[in-house]
>>> print(open('query27.pdb').read())   # PDB, C-alpha atoms
ATOM      1  CA  MET G   1      73.595 118.232 114.462
ATOM      2  CA  GLN G   2      71.966 115.015 113.260
ATOM      3  CA  ASN G   3      72.932 113.809 109.824
ATOM      4  CA  LEU G   4      72.224 110.169 109.087
ATOM      5  CA  HIS G   5      74.534 109.883 106.103
ATOM      6  CA  LEU G   6      77.697 111.224 107.717
ATOM      7  CA  LYS G   7      80.153 108.386 108.201
ATOM      8  CA  ARG G   8      81.542 107.857 111.661
ATOM      9  CA  PRO G   9      85.323 108.298 111.543
ATOM     10  CA  LEU G  10      87.370 105.213 112.312
ATOM     11  CA  GLU G  11      89.119 105.621 115.636
ATOM     12  CA  ALA G  12      92.890 105.454 115.390
ATOM     13  CA  ASN G  13      95.484 106.442 117.968
ATOM     14  CA  LYS G  14      98.535 107.784 116.126
ATOM     15  CA  ALA G  15     100.809 106.638 118.959
ATOM     16  CA  SER G  16      99.812 102.964 118.761
ATOM     17  CA  GLN G  17      98.364 102.535 115.264
ATOM     18  CA  TYR G  18      99.429 103.350 111.747
ATOM     19  CA  ARG G  19      96.982 103.626 108.871
ATOM     20  CA  GLY G  20      98.606 104.988 105.747
ATOM     21  CA  ARG G  21      97.373 105.199 102.172
ATOM     22  CA  PHE G  22      98.290 105.716  98.552
ATOM     23  CA  ALA G  23      95.684 107.639  96.567
ATOM     24  CA  PRO G  24      96.364 107.721  92.805
ATOM     25  CA  SER G  25      94.042 109.291  90.269
ATOM     26  CA  PRO G  26      93.135 107.130  87.249
ATOM     27  CA  SER G  27      94.119 109.826  84.753
ATOM     28  CA  GLY G  28      96.957 107.630  83.520
ATOM     29  CA  LEU G  29      99.284 104.754  84.361
ATOM     30  CA  LEU G  30     101.782 104.777  87.226
ATOM     31  CA  HIS G  31     105.181 106.284  86.360
ATOM     32  CA  PHE G  32     108.463 106.469  88.287
ATOM     33  CA  GLY G  33     107.291 109.470  90.301
ATOM     34  CA  SER G  34     104.148 107.551  91.288
ATOM     35  CA  LEU G  35     106.279 104.584  92.318
ATOM     36  CA  ILE G  36     108.402 106.760  94.598
ATOM     37  CA  ALA G  37     105.296 108.034  96.406
ATOM     38  CA  ALA G  38     103.691 104.588  96.606
ATOM     39  CA  LEU G  39     106.882 102.942  97.861
ATOM     40  CA  ALA G  40     107.563 105.622 100.482
ATOM     41  CA  SER G  41     104.024 105.454 101.880
ATOM     42  CA  PHE G  42     104.061 101.645 101.822
ATOM     43  CA  LEU G  43     107.423 101.295 103.548
ATOM     44  CA  ASP G  44     106.636 103.907 106.180
ATOM     45  CA  ALA G  45     103.468 101.970 107.054
ATOM     46  CA  LYS G  46     104.888  98.478 106.910
ATOM     47  CA  SER G  47     108.045  99.305 108.895
ATOM     48  CA  PHE G  48     105.839 100.465 111.790
ATOM     49  CA  VAL G  49     105.214  97.893 114.543
ATOM     50  CA  ASN G  50     103.367  98.888 117.715
ATOM     51  CA  GLU G  51     103.811  97.571 121.251
ATOM     52  CA  HIS G  52     101.480  94.663 120.477
ATOM     53  CA  GLY G  53     103.512  93.581 117.461
ATOM     54  CA  GLN G  54     100.911  94.884 114.999
ATOM     55  CA  GLN G  55     102.244  96.123 111.675
ATOM     56  CA  GLY G  56     100.981  99.342 110.167
ATOM     57  CA  LYS G  57      98.236  99.126 107.553
ATOM     58  CA  TRP G  58      98.485 100.489 104.020
ATOM     59  CA  LEU G  59      95.319 101.317 102.108
ATOM     60  CA  ILE G  60      94.540 102.164  98.497
ATOM     61  CA  ARG G  61      92.104 104.875  97.456
ATOM     62  CA  ILE G  62      91.361 105.536  93.796
ATOM     63  CA  GLU G  63      90.627 109.249  93.410
ATOM     64  CA  ASP G  64      88.209 108.976  90.500
ATOM     65  CA  ILE G  65      85.894 111.943  91.070
ATOM     66  CA  ASP G  66      87.165 113.955  88.083
ATOM     67  CA  ARG G  67      85.528 111.939  85.304
ATOM     68  CA  PRO G  68      86.647 114.171  82.396
ATOM     69  CA  ARG G  69      90.304 113.445  83.224
ATOM     70  CA  GLU G  70      89.896 109.713  83.835
ATOM     71  CA  GLN G  71      91.576 107.282  81.435
ATOM     72  CA  GLN G  72      89.530 104.181  80.685
ATOM     73  CA  GLY G  73      90.997 101.103  82.351
ATOM     74  CA  ALA G  74      93.548 103.078  84.366
ATOM     75  CA  SER G  75      92.122 102.110  87.769
ATOM     76  CA  THR G  76      92.531  98.396  87.108
ATOM     77  CA  ALA G  77      95.964  98.919  85.539
ATOM     78  CA  ILE G  78      97.167 100.867  88.595
ATOM     79  CA  LEU G  79      96.151  98.049  90.949
ATOM     80  CA  ARG G  80      97.846  95.427  88.770
ATOM     81  CA  THR G  81     101.042  97.506  88.699
ATOM     82  CA  LEU G  82     101.105  97.788  92.492
ATOM     83  CA  GLU G  83     100.765  94.015  92.733
ATOM     84  CA  ALA G  84     103.550  93.484  90.196
ATOM     85  CA  PHE G  85     105.818  95.671  92.349
ATOM     86  CA  GLY G  86     104.999  93.764  95.538
ATOM     87  CA  LEU G  87     102.986  96.619  97.066
ATOM     88  CA  TYR G  88      99.990  94.758  98.459
ATOM     89  CA  TRP G  89      97.338  96.729 100.288
ATOM     90  CA  ASP G  90      95.263  95.957 103.361
ATOM     91  CA  GLU G  91      91.461  96.138 103.222
ATOM     92  CA  THR G  92      89.305  96.674 100.152
ATOM     93  CA  GLU G  93      90.314  99.603  97.952
ATOM     94  CA  LEU G  94      88.087 102.680  98.181
ATOM     95  CA  TYR G  95      86.807 104.514  95.094
ATOM     96  CA  GLN G  96      85.985 108.185  95.589
ATOM     97  CA  SER G  97      83.220 107.898  93.015
ATOM     98  CA  THR G  98      81.235 105.891  95.609
ATOM     99  CA  GLN G  99      81.511 108.665  98.226
ATOM    100  CA  SER G 100      79.293 111.357  96.689
ATOM    101  CA  GLN G 101      76.503 111.233  99.275
ATOM    102  CA  TYR G 102      79.063 111.416 102.076
ATOM    103  CA  TYR G 103      80.611 114.523 100.525
ATOM    104  CA  ARG G 104      77.186 116.127 100.002
ATOM    105  CA  ASP G 105      76.289 115.576 103.635
ATOM    106  CA  ILE G 106      79.484 117.276 104.784
ATOM    107  CA  LEU G 107      78.775 120.196 102.456
ATOM    108  CA  SER G 108      75.211 120.395 103.762
ATOM    109  CA  SER G 109      76.382 120.427 107.374
ATOM    110  CA  LEU G 110      78.927 123.166 106.645
ATOM    111  CA  SER G 111      76.198 125.223 104.993
ATOM    112  CA  LYS G 112      73.766 124.767 107.874
ATOM    113  CA  GLN G 113      76.410 126.009 110.275
ATOM    114  CA  ARG G 114      77.119 128.995 108.009
ATOM    115  CA  LEU G 115      80.670 127.871 107.374
ATOM    116  CA  SER G 116      80.496 128.153 103.575
ATOM    117  CA  TYR G 117      79.163 130.448 100.848
ATOM    118  CA  TYR G 118      78.680 130.558  97.085
ATOM    119  CA  CYS G 119      81.165 132.393  94.893
ATOM    120  CA  GLN G 120      81.025 133.383  91.221
ATOM    121  CA  CYS G 121      84.484 134.928  90.876
ATOM    122  CA  THR G 122      86.511 133.606  87.948
ATOM    123  CA  ARG G 123      90.164 132.623  87.991
ATOM    124  CA  ALA G 124      90.903 135.535  85.668
ATOM    125  CA  GLU G 125      89.282 137.989  88.065
ATOM    126  CA  ILE G 126      91.243 136.653  91.025
ATOM    127  CA  LYS G 127      94.483 136.671  89.029
ATOM    128  CA  ALA G 128      93.858 140.300  88.050
ATOM    129  CA  ILE G 129      93.872 141.391  91.712
ATOM    130  CA  GLY G 130      97.079 139.540  92.582
ATOM    131  CA  GLY G 131      96.065 135.895  92.669
ATOM    132  CA  ILE G 132      94.816 135.767  96.258
ATOM    133  CA  TYR G 133      91.070 135.526  96.802
ATOM    134  CA  GLN G 134      89.780 138.192  99.202
ATOM    135  CA  SER G 135      86.375 136.775 100.220
ATOM    136  CA  HIS G 136      84.626 139.022  97.689
ATOM    137  CA  CYS G 137      81.417 136.949  97.635
ATOM    138  CA  LEU G 138      81.110 136.348 101.376
ATOM    139  CA  ASN G 139      78.063 138.604 101.787
ATOM    140  CA  THR G 140      76.645 138.570  98.258
ATOM    141  CA  ASN G 141      74.208 135.653  98.714
ATOM    142  CA  HIS G 142      74.837 134.167  95.275
ATOM    143  CA  PRO G 143      72.584 131.252  94.281
ATOM    144  CA  PRO G 144      74.023 127.737  93.873
ATOM    145  CA  GLN G 145      73.650 127.888  90.090
ATOM    146  CA  ASN G 146      76.918 128.727  88.287
ATOM    147  CA  SER G 147      78.677 129.085  91.644
ATOM    148  CA  ALA G 148      81.560 127.429  93.419
ATOM    149  CA  LEU G 149      81.255 126.773  97.146
ATOM    150  CA  ARG G 150      83.946 128.181  99.435
ATOM    151  CA  ILE G 151      84.645 127.417 103.058
ATOM    152  CA  ILE G 152      84.835 130.272 105.569
ATOM    153  CA  ASN G 153      88.452 130.013 106.668
ATOM    154  CA  ARG G 154      88.620 130.965 110.330
ATOM    155  CA  PHE G 155      91.992 129.403 111.053
ATOM    156  CA  GLY G 156      94.436 130.042 108.223
ATOM    157  CA  LEU G 157      96.807 127.332 109.412
ATOM    158  CA  HIS G 158     100.055 127.859 107.516
ATOM    159  CA  GLN G 159     102.714 125.849 109.326
ATOM    160  CA  PHE G 160     103.114 122.281 110.489
ATOM    161  CA  ASN G 161     105.725 119.700 111.430
ATOM    162  CA  ASP G 162     106.478 117.309 108.591
ATOM    163  CA  LEU G 163     107.750 113.740 109.071
ATOM    164  CA  PHE G 164     110.501 114.291 106.481
ATOM    165  CA  GLN G 165     110.829 118.037 105.916
ATOM    166  CA  GLY G 166     110.704 119.140 109.565
ATOM    167  CA  HIS G 167     109.029 122.480 110.294
ATOM    168  CA  VAL G 168     107.193 123.733 107.195
ATOM    169  CA  VAL G 169     105.925 127.283 106.730
ATOM    170  CA  CYS G 170     103.509 127.872 103.826
ATOM    171  CA  ASP G 171     102.401 131.111 102.182
ATOM    172  CA  LYS G 172     100.330 132.775 104.909
ATOM    173  CA  LYS G 173      98.157 134.794 102.512
ATOM    174  CA  LEU G 174      97.315 131.687 100.494
ATOM    175  CA  ALA G 175      96.603 129.722 103.681
ATOM    176  CA  ASN G 176      94.117 132.404 104.758
ATOM    177  CA  GLU G 177      92.006 132.127 101.598
ATOM    178  CA  ASP G 178      88.421 130.935 101.688
ATOM    179  CA  PHE G 179      89.208 128.008  99.398
ATOM    180  CA  ILE G 180      86.841 126.066  97.138
ATOM    181  CA  ILE G 181      85.269 122.845  98.445
ATOM    182  CA  HIS G 182      82.778 122.286  95.610
ATOM    183  CA  ARG G 183      83.505 123.379  92.071
ATOM    184  CA  LYS G 184      81.358 125.428  89.720
ATOM    185  CA  ASP G 185      81.243 122.459  87.313
ATOM    186  CA  ASP G 186      79.519 120.418  90.060
ATOM    187  CA  LEU G 187      82.613 118.350  90.914
ATOM    188  CA  PHE G 188      83.751 117.911  94.508
ATOM    189  CA  ALA G 189      86.981 119.788  95.172
ATOM    190  CA  TYR G 190      90.136 117.826  95.965
ATOM    191  CA  GLN G 191      90.558 119.522  99.365
ATOM    192  CA  LEU G 192      87.138 118.333 100.526
ATOM    193  CA  ALA G 193      87.294 114.791  99.124
ATOM    194  CA  VAL G 194      90.785 113.974 100.379
ATOM    195  CA  VAL G 195      90.081 115.146 103.933
ATOM    196  CA  ALA G 196      86.661 113.492 104.052
ATOM    197  CA  ASP G 197      88.056 110.156 102.904
ATOM    198  CA  ASP G 198      91.089 110.254 105.184
ATOM    199  CA  ILE G 199      88.652 110.774 108.064
ATOM    200  CA  ALA G 200      86.352 107.966 106.927
ATOM    201  CA  GLN G 201      89.288 105.551 106.563
ATOM    202  CA  GLY G 202      90.889 106.532 109.870
ATOM    203  CA  ILE G 203      94.144 107.554 108.195
ATOM    204  CA  THR G 204      96.819 108.452 110.746
ATOM    205  CA  HIS G 205      99.792 109.142 108.436
ATOM    206  CA  VAL G 206      99.848 110.749 104.983
ATOM    207  CA  VAL G 207     103.083 110.263 103.009
ATOM    208  CA  ARG G 208     103.135 111.931  99.567
ATOM    209  CA  GLY G 209     105.083 114.268  97.287
ATOM    210  CA  CYS G 210     106.286 117.791  98.044
ATOM    211  CA  ASP G 211     103.961 119.191  95.368
ATOM    212  CA  LEU G 212     101.249 118.903  98.038
ATOM    213  CA  LEU G 213     102.996 120.922 100.747
ATOM    214  CA  GLU G 214     100.845 124.023 100.170
ATOM    215  CA  PRO G 215      97.538 122.076  99.967
ATOM    216  CA  THR G 216      98.387 120.520 103.340
ATOM    217  CA  ALA G 217      97.826 123.904 104.992
ATOM    218  CA  ARG G 218      94.318 124.034 103.555
ATOM    219  CA  GLN G 219      93.596 120.472 104.573
ATOM    220  CA  LEU G 220      94.723 121.194 108.126
ATOM    221  CA  THR G 221      92.327 124.143 108.158
ATOM    222  CA  LEU G 222      89.483 121.908 106.969
ATOM    223  CA  TYR G 223      90.255 119.334 109.671
ATOM    224  CA  GLN G 224      90.154 122.104 112.267
ATOM    225  CA  THR G 225      86.869 123.448 110.894
ATOM    226  CA  LEU G 226      85.201 120.033 110.956
ATOM    227  CA  ASN G 227      86.558 119.252 114.412
ATOM    228  CA  ASN G 228      85.201 122.505 115.814
ATOM    229  CA  SER G 229      81.761 121.980 114.333
ATOM    230  CA  PHE G 230      80.100 118.627 113.666
ATOM    231  CA  LEU G 231      82.601 115.881 112.710
ATOM    232  CA  LYS G 232      85.122 115.014 115.429
ATOM    233  CA  CYS G 233      88.222 113.471 113.895
ATOM    234  CA  ASN G 234      91.942 112.943 114.338
ATOM    235  CA  THR G 235      94.251 114.985 112.111
ATOM    236  CA  PRO G 236      96.887 112.774 110.425
ATOM    237  CA  LEU G 237     100.612 113.306 110.581
ATOM    238  CA  PHE G 238     101.940 114.480 107.212
ATOM    239  CA  GLY G 239     105.199 113.592 105.473
ATOM    240  CA  HIS G 240     106.328 114.946 102.096
ATOM    241  CA  ILE G 241     109.019 113.362  99.967
ATOM    242  CA  PRO G 242     111.025 114.981  97.143
ATOM    243  CA  LEU G 243     109.679 115.162  93.608
ATOM    244  CA  ALA G 244     111.470 113.525  90.694
ATOM    245  CA  ILE G 245     112.120 116.038  87.921
ATOM    246  CA  THR G 246     113.667 115.733  84.475
ATOM    247  CA  GLY G 247     116.640 117.646  83.136
ATOM    248  CA  GLY G 248     114.227 120.154  81.643
ATOM    249  CA  GLY G 249     112.872 120.937  85.088
ATOM    250  CA  TYR G 250     109.564 119.137  84.569
ATOM    251  CA  LYS G 251     107.998 117.077  87.347
ATOM    252  CA  LEU G 252     107.358 113.483  86.386
ATOM    253  CA  SER G 253     103.585 113.431  86.047
ATOM    254  CA  LYS G 254     100.787 112.043  83.923
ATOM    255  CA  GLN G 255     100.128 115.541  82.571
ATOM    256  CA  ASN G 256     103.732 115.705  81.337
ATOM    257  CA  LYS G 257     103.352 112.266  79.732
ATOM    258  CA  ALA G 258     105.837 110.492  82.009
ATOM    259  CA  PRO G 259     106.370 106.920  80.735
ATOM    260  CA  ALA G 260     104.686 104.085  82.620
ATOM    261  CA  ILE G 261     106.863 101.829  84.751
ATOM    262  CA  ASP G 262     107.477  98.292  83.477
ATOM    263  CA  ASN G 263     105.379  95.622  85.212
ATOM    264  CA  ASP G 264     107.535  92.898  83.673
ATOM    265  CA  ARG G 265     110.826  94.214  85.113
ATOM    266  CA  PRO G 266     109.936  95.796  88.479
ATOM    267  CA  GLN G 267     113.244  95.222  90.311
ATOM    268  CA  PRO G 268     115.341  97.926  88.567
ATOM    269  CA  SER G 269     112.643 100.537  89.189
ATOM    270  CA  ILE G 270     112.251  99.512  92.835
ATOM    271  CA  ILE G 271     115.996  99.776  93.414
ATOM    272  CA  ALA G 272     116.115 103.162  91.666
ATOM    273  CA  ALA G 273     113.205 104.396  93.788
ATOM    274  CA  LEU G 274     114.881 103.206  96.994
ATOM    275  CA  LYS G 275     118.071 105.057  96.063
ATOM    276  CA  PHE G 276     116.036 108.173  95.241
ATOM    277  CA  LEU G 277     114.548 107.961  98.744
ATOM    278  CA  GLY G 278     118.016 107.845 100.312
ATOM    279  CA  GLN G 279     117.913 104.153 101.192
ATOM    280  CA  SER G 280     120.934 101.966 100.421
ATOM    281  CA  PRO G 281     119.977  98.667  98.805
ATOM    282  CA  LYS G 282     122.840  96.167  98.792
ATOM    283  CA  ALA G 283     124.427  95.147  95.489
ATOM    284  CA  GLU G 284     123.214  91.551  95.808
ATOM    285  CA  LEU G 285     119.617  92.773  95.794
ATOM    286  CA  HIS G 286     119.901  93.508  92.075
ATOM    287  CA  SER G 287     119.320  89.782  91.467
ATOM    288  CA  ALA G 288     116.702  89.351  94.200
ATOM    289  CA  SER G 289     113.027  88.613  93.665
ATOM    290  CA  VAL G 290     110.456  91.370  94.131
ATOM    291  CA  GLU G 291     109.351  89.734  97.386
ATOM    292  CA  GLU G 292     112.909  89.637  98.743
ATOM    293  CA  LEU G 293     113.544  93.209  97.677
ATOM    294  CA  ILE G 294     110.407  94.565  99.347
ATOM    295  CA  LYS G 295     111.104  92.559 102.516
ATOM    296  CA  TRP G 296     114.590  94.050 102.729
ATOM    297  CA  ALA G 297     113.204  97.542 102.119
ATOM    298  CA  ILE G 298     110.652  97.192 104.949
ATOM    299  CA  ASN G 299     113.247  95.920 107.402
ATOM    300  CA  ASN G 300     115.741  98.671 106.513
ATOM    301  CA  TRP G 301     113.477 101.694 105.982
ATOM    302  CA  GLN G 302     114.942 104.879 107.487
ATOM    303  CA  ARG G 303     112.879 108.063 107.507
ATOM    304  CA  SER G 304     115.951 110.064 108.440
ATOM    305  CA  SER G 305     117.685 109.041 105.191
ATOM    306  CA  VAL G 306     115.002 110.556 102.932
ATOM    307  CA  PRO G 307     116.450 113.768 101.395
ATOM    308  CA  LYS G 308     115.063 117.031 102.799
ATOM    309  CA  VAL G 309     114.785 118.722  99.427
ATOM    310  CA  VAL G 310     111.713 119.518  97.349
ATOM    311  CA  GLU G 311     112.993 118.314  93.963
ATOM    312  CA  ILE G 312     115.662 115.898  92.725
ATOM    313  CA  ASN G 313     116.862 115.672  89.119
ATOM    314  CA  ILE G 314     116.773 112.081  87.895
ATOM    315  CA  ASP G 315     118.506 112.574  84.524
TER     316      ASP G 315
END
>>> encode(input="query27.pdb", output="structure tokens")
Amino acid sequence: MQNLHLKRPLEANKASQYRGRFAPSPSGLLHFGSLIAALASFLDAKSFVNEHGQQGKWLIRIEDIDRPREQQGASTAILRTLEAFGLYWDETELYQSTQSQYYRDILSSLSKQRLSYYCQCTRAEIKAIGGIYQSHCLNTNHPPQNSALRIINRFGLHQFNDLFQGHVVCDKKLANEDFIIHRKDDLFAYQLAVVADDIAQGITHVVRGCDLLEPTARQLTLYQTLNNSFLKCNTPLFGHIPLAITGGGYKLSKQNKAPAIDNDRPQPSIIAALKFLGQSPKAELHSASVEELIKWAINNWQRSSVPKVVEINID
């Protein structure tokens, strides 16, 4: 199928190259939980050296497609915080808000191959029948107006090998759903945008929090669907790190108003994040510069030391 706007995926061999990324949304400032995810993805990339002596690359993507939730100035503040913490990225940062035509072309190609359909079911209706969507609108031929777009899920991939968690098995019924790839409010769904951009950027490794374990199954299904149809691509390796939670059982998040990390005193937060990730920074590093601290962390990064648990209480 010819589609002039579809971006050609960057070629990347997972055995000899490493292209990782950190993809924050500008709905608020970075907090300690964000730092843990950013640091883990950065260190996993930068500790990789291939047979030619080439270090892994670490990219930044600002996931700014949900305008109603975006906080003014947050994108710039996030980048400045990463710099203050010594987490410098390779290549120019990508903004999802510039990718709309690319997403539309993927949606168009899926539609032309009859791999998607319009759905008008509400969340309340789906919840009333048990919370699992049962492809009710598959043969109803709803119009695009006031409809979400769902992918026809022919694979239902529900298990994968995780870089940190080992063998992961997700809810099979949930993994079999025809999930939404374009929302009723005309916003591109997270599952579509994240896969499309990882393909476009040639991402080989995705390191992120355990709150995204279940969505990984859907993303693997989307990779498989695209690969079997019109957009040949490599599926990344996935690694999920524990979530930081408070004593009240709440995940540190922007929605829960987690406090922003301090750009003026980054070292204590970096050391705390390293300890959270199971690394063992030496006592003398407490007086080190940010540059020295990050250099030590790269040279001493151990995947095997990252805890294999979903949540860790930080109080």
>>> resolve_selection(input="query27.pdb", expression="the PyMOL selection byres ((chain G and resi 198) around 12)", output="number ranges by chain")
G: 7-12, 19-23, 59-61, 63, 94, 96, 99, 190-197, 199-206, 219-220, 222-223, 233-238
>>> residues_around(input="query27.pdb", residues="Val290 of chain G", least_positions_apart="2", cutoff="8 Å", atoms="only C-alpha atoms", output="list in words")
Phe85, Gly86, Pro266, Gln267, Ala288, Glu292, Leu293 and Ile294 of chain G
>>> atom_distance(input="query27.pdb", atom1="atom CA of Ser304 of chain G", atom2="atom CA of Glu83 of chain G")
27.1 Å
>>> closest_residue(input="query27.pdb", among="G:Phe230, G:Ala128, G:Gln17, G:Phe188", to="Ser109 of chain G", atoms="all atoms listed in the file")
G:Phe230
>>> closest_residue(input="query27.pdb", among="G:Glu93, G:Glu311, G:Asp262, G:Glu214", to="Pro24 of chain G", atoms="all atoms listed in the file")
G:Glu93
>>> resolve_selection(input="query27.pdb", expression="the PyMOL selection byres ((chain G and resi 309) around 12)", output="list in words")
Phe164, Gln165, Gly166, Val168, Gly209, Cys210, Asp211, His240, Ile241, Pro242, Leu243, Ala244, Phe276, Leu277, Gly278, Ser305, Val306, Pro307, Lys308, Val310, Glu311, Ile312 and Asn313 of chain G
>>> resolve_selection(input="query27.pdb", expression="the PyMOL selection byres ((chain G and resi 259) around 8)", output="PyMOL selection string")
chain G and resi 31-32+257-258+260-261
>>> atom_distance(input="query27.pdb", atom1="atom CA of Lys46 of chain G", atom2="atom CA of Asn299 of chain G")
8.8 Å
>>> build_atoms(input="query27.pdb", residues="segment 115-141 of chain G", atoms="N, CA and C atoms", output="PDB file, keeping the file's coordinate frame")
ATOM      1  N   LEU G 115      79.219 127.963 107.503  1.00  0.00           N
ATOM      2  CA  LEU G 115      80.670 127.871 107.374  1.00  0.00           C
ATOM      3  C   LEU G 115      81.101 127.838 105.909  1.00  0.00           C
ATOM      4  N   SER G 116      80.168 128.130 105.000  1.00  0.00           N
ATOM      5  CA  SER G 116      80.496 128.153 103.575  1.00  0.00           C
ATOM      6  C   SER G 116      79.608 129.160 102.874  1.00  0.00           C
ATOM      7  N   TYR G 117      79.976 129.515 101.640  1.00  0.00           N
ATOM      8  CA  TYR G 117      79.163 130.448 100.848  1.00  0.00           C
ATOM      9  C   TYR G 117      79.472 130.248  99.372  1.00  0.00           C
ATOM     10  N   TYR G 118      78.536 130.703  98.528  1.00  0.00           N
ATOM     11  CA  TYR G 118      78.680 130.558  97.085  1.00  0.00           C
ATOM     12  C   TYR G 118      79.468 131.733  96.499  1.00  0.00           C
ATOM     13  N   CYS G 119      80.285 131.397  95.512  1.00  0.00           N
ATOM     14  CA  CYS G 119      81.165 132.393  94.893  1.00  0.00           C
ATOM     15  C   CYS G 119      81.099 132.248  93.371  1.00  0.00           C
ATOM     16  N   GLN G 120      81.060 133.394  92.681  1.00  0.00           N
ATOM     17  CA  GLN G 120      81.025 133.383  91.221  1.00  0.00           C
ATOM     18  C   GLN G 120      82.244 134.074  90.612  1.00  0.00           C
ATOM     19  N   CYS G 121      83.263 134.320  91.405  1.00  0.00           N
ATOM     20  CA  CYS G 121      84.484 134.928  90.876  1.00  0.00           C
ATOM     21  C   CYS G 121      85.204 133.939  89.951  1.00  0.00           C
ATOM     22  N   THR G 122      85.760 134.451  88.879  1.00  0.00           N
ATOM     23  CA  THR G 122      86.511 133.606  87.948  1.00  0.00           C
ATOM     24  C   THR G 122      87.995 133.625  88.300  1.00  0.00           C
ATOM     25  N   ARG G 123      88.720 132.651  87.774  1.00  0.00           N
ATOM     26  CA  ARG G 123      90.164 132.623  87.991  1.00  0.00           C
ATOM     27  C   ARG G 123      90.827 133.881  87.438  1.00  0.00           C
ATOM     28  N   ALA G 124      90.334 134.331  86.292  1.00  0.00           N
ATOM     29  CA  ALA G 124      90.903 135.535  85.668  1.00  0.00           C
ATOM     30  C   ALA G 124      90.706 136.748  86.563  1.00  0.00           C
ATOM     31  N   GLU G 125      89.553 136.857  87.178  1.00  0.00           N
ATOM     32  CA  GLU G 125      89.282 137.989  88.065  1.00  0.00           C
ATOM     33  C   GLU G 125      90.185 137.959  89.293  1.00  0.00           C
ATOM     34  N   ILE G 126      90.382 136.780  89.842  1.00  0.00           N
ATOM     35  CA  ILE G 126      91.243 136.653  91.025  1.00  0.00           C
ATOM     36  C   ILE G 126      92.700 136.925  90.656  1.00  0.00           C
ATOM     37  N   LYS G 127      93.118 136.415  89.490  1.00  0.00           N
ATOM     38  CA  LYS G 127      94.483 136.671  89.029  1.00  0.00           C
ATOM     39  C   LYS G 127      94.729 138.153  88.817  1.00  0.00           C
ATOM     40  N   ALA G 128      93.721 138.868  88.340  1.00  0.00           N
ATOM     41  CA  ALA G 128      93.858 140.300  88.050  1.00  0.00           C
ATOM     42  C   ALA G 128      94.091 141.132  89.307  1.00  0.00           C
ATOM     43  N   ILE G 129      93.674 140.632  90.469  1.00  0.00           N
ATOM     44  CA  ILE G 129      93.872 141.391  91.712  1.00  0.00           C
ATOM     45  C   ILE G 129      95.046 140.858  92.538  1.00  0.00           C
ATOM     46  N   GLY G 130      95.881 140.022  91.903  1.00  0.00           N
ATOM     47  CA  GLY G 130      97.079 139.540  92.582  1.00  0.00           C
ATOM     48  C   GLY G 130      97.116 138.059  92.872  1.00  0.00           C
ATOM     49  N   GLY G 131      96.050 137.342  92.543  1.00  0.00           N
ATOM     50  CA  GLY G 131      96.065 135.895  92.669  1.00  0.00           C
ATOM     51  C   GLY G 131      95.592 135.342  93.999  1.00  0.00           C
ATOM     52  N   ILE G 132      95.310 136.217  94.958  1.00  0.00           N
ATOM     53  CA  ILE G 132      94.816 135.767  96.258  1.00  0.00           C
ATOM     54  C   ILE G 132      93.368 136.193  96.415  1.00  0.00           C
ATOM     55  N   TYR G 133      92.496 135.237  96.655  1.00  0.00           N
ATOM     56  CA  TYR G 133      91.070 135.526  96.802  1.00  0.00           C
ATOM     57  C   TYR G 133      90.823 136.283  98.107  1.00  0.00           C
ATOM     58  N   GLN G 134      89.987 137.305  98.054  1.00  0.00           N
ATOM     59  CA  GLN G 134      89.780 138.192  99.202  1.00  0.00           C
ATOM     60  C   GLN G 134      88.355 138.125  99.769  1.00  0.00           C
ATOM     61  N   SER G 135      87.727 136.977  99.663  1.00  0.00           N
ATOM     62  CA  SER G 135      86.375 136.775 100.220  1.00  0.00           C
ATOM     63  C   SER G 135      85.349 137.740  99.632  1.00  0.00           C
ATOM     64  N   HIS G 136      85.491 138.038  98.340  1.00  0.00           N
ATOM     65  CA  HIS G 136      84.626 139.022  97.689  1.00  0.00           C
ATOM     66  C   HIS G 136      83.147 138.661  97.773  1.00  0.00           C
ATOM     67  N   CYS G 137      82.817 137.372  97.727  1.00  0.00           N
ATOM     68  CA  CYS G 137      81.417 136.949  97.635  1.00  0.00           C
ATOM     69  C   CYS G 137      80.822 136.543  98.990  1.00  0.00           C
ATOM     70  N   LEU G 138      81.540 136.813 100.060  1.00  0.00           N
ATOM     71  CA  LEU G 138      81.110 136.348 101.376  1.00  0.00           C
ATOM     72  C   LEU G 138      79.696 136.805 101.719  1.00  0.00           C
ATOM     73  N   ASN G 139      79.365 138.047 101.396  1.00  0.00           N
ATOM     74  CA  ASN G 139      78.063 138.604 101.787  1.00  0.00           C
ATOM     75  C   ASN G 139      77.158 138.926 100.590  1.00  0.00           C
ATOM     76  N   THR G 140      77.421 138.262  99.468  1.00  0.00           N
ATOM     77  CA  THR G 140      76.645 138.570  98.258  1.00  0.00           C
ATOM     78  C   THR G 140      75.421 137.686  98.068  1.00  0.00           C
ATOM     79  N   ASN G 141      75.351 136.576  98.798  1.00  0.00           N
ATOM     80  CA  ASN G 141      74.208 135.653  98.714  1.00  0.00           C
ATOM     81  C   ASN G 141      73.944 135.166  97.286  1.00  0.00           C
TER      82      ASN G 141
END
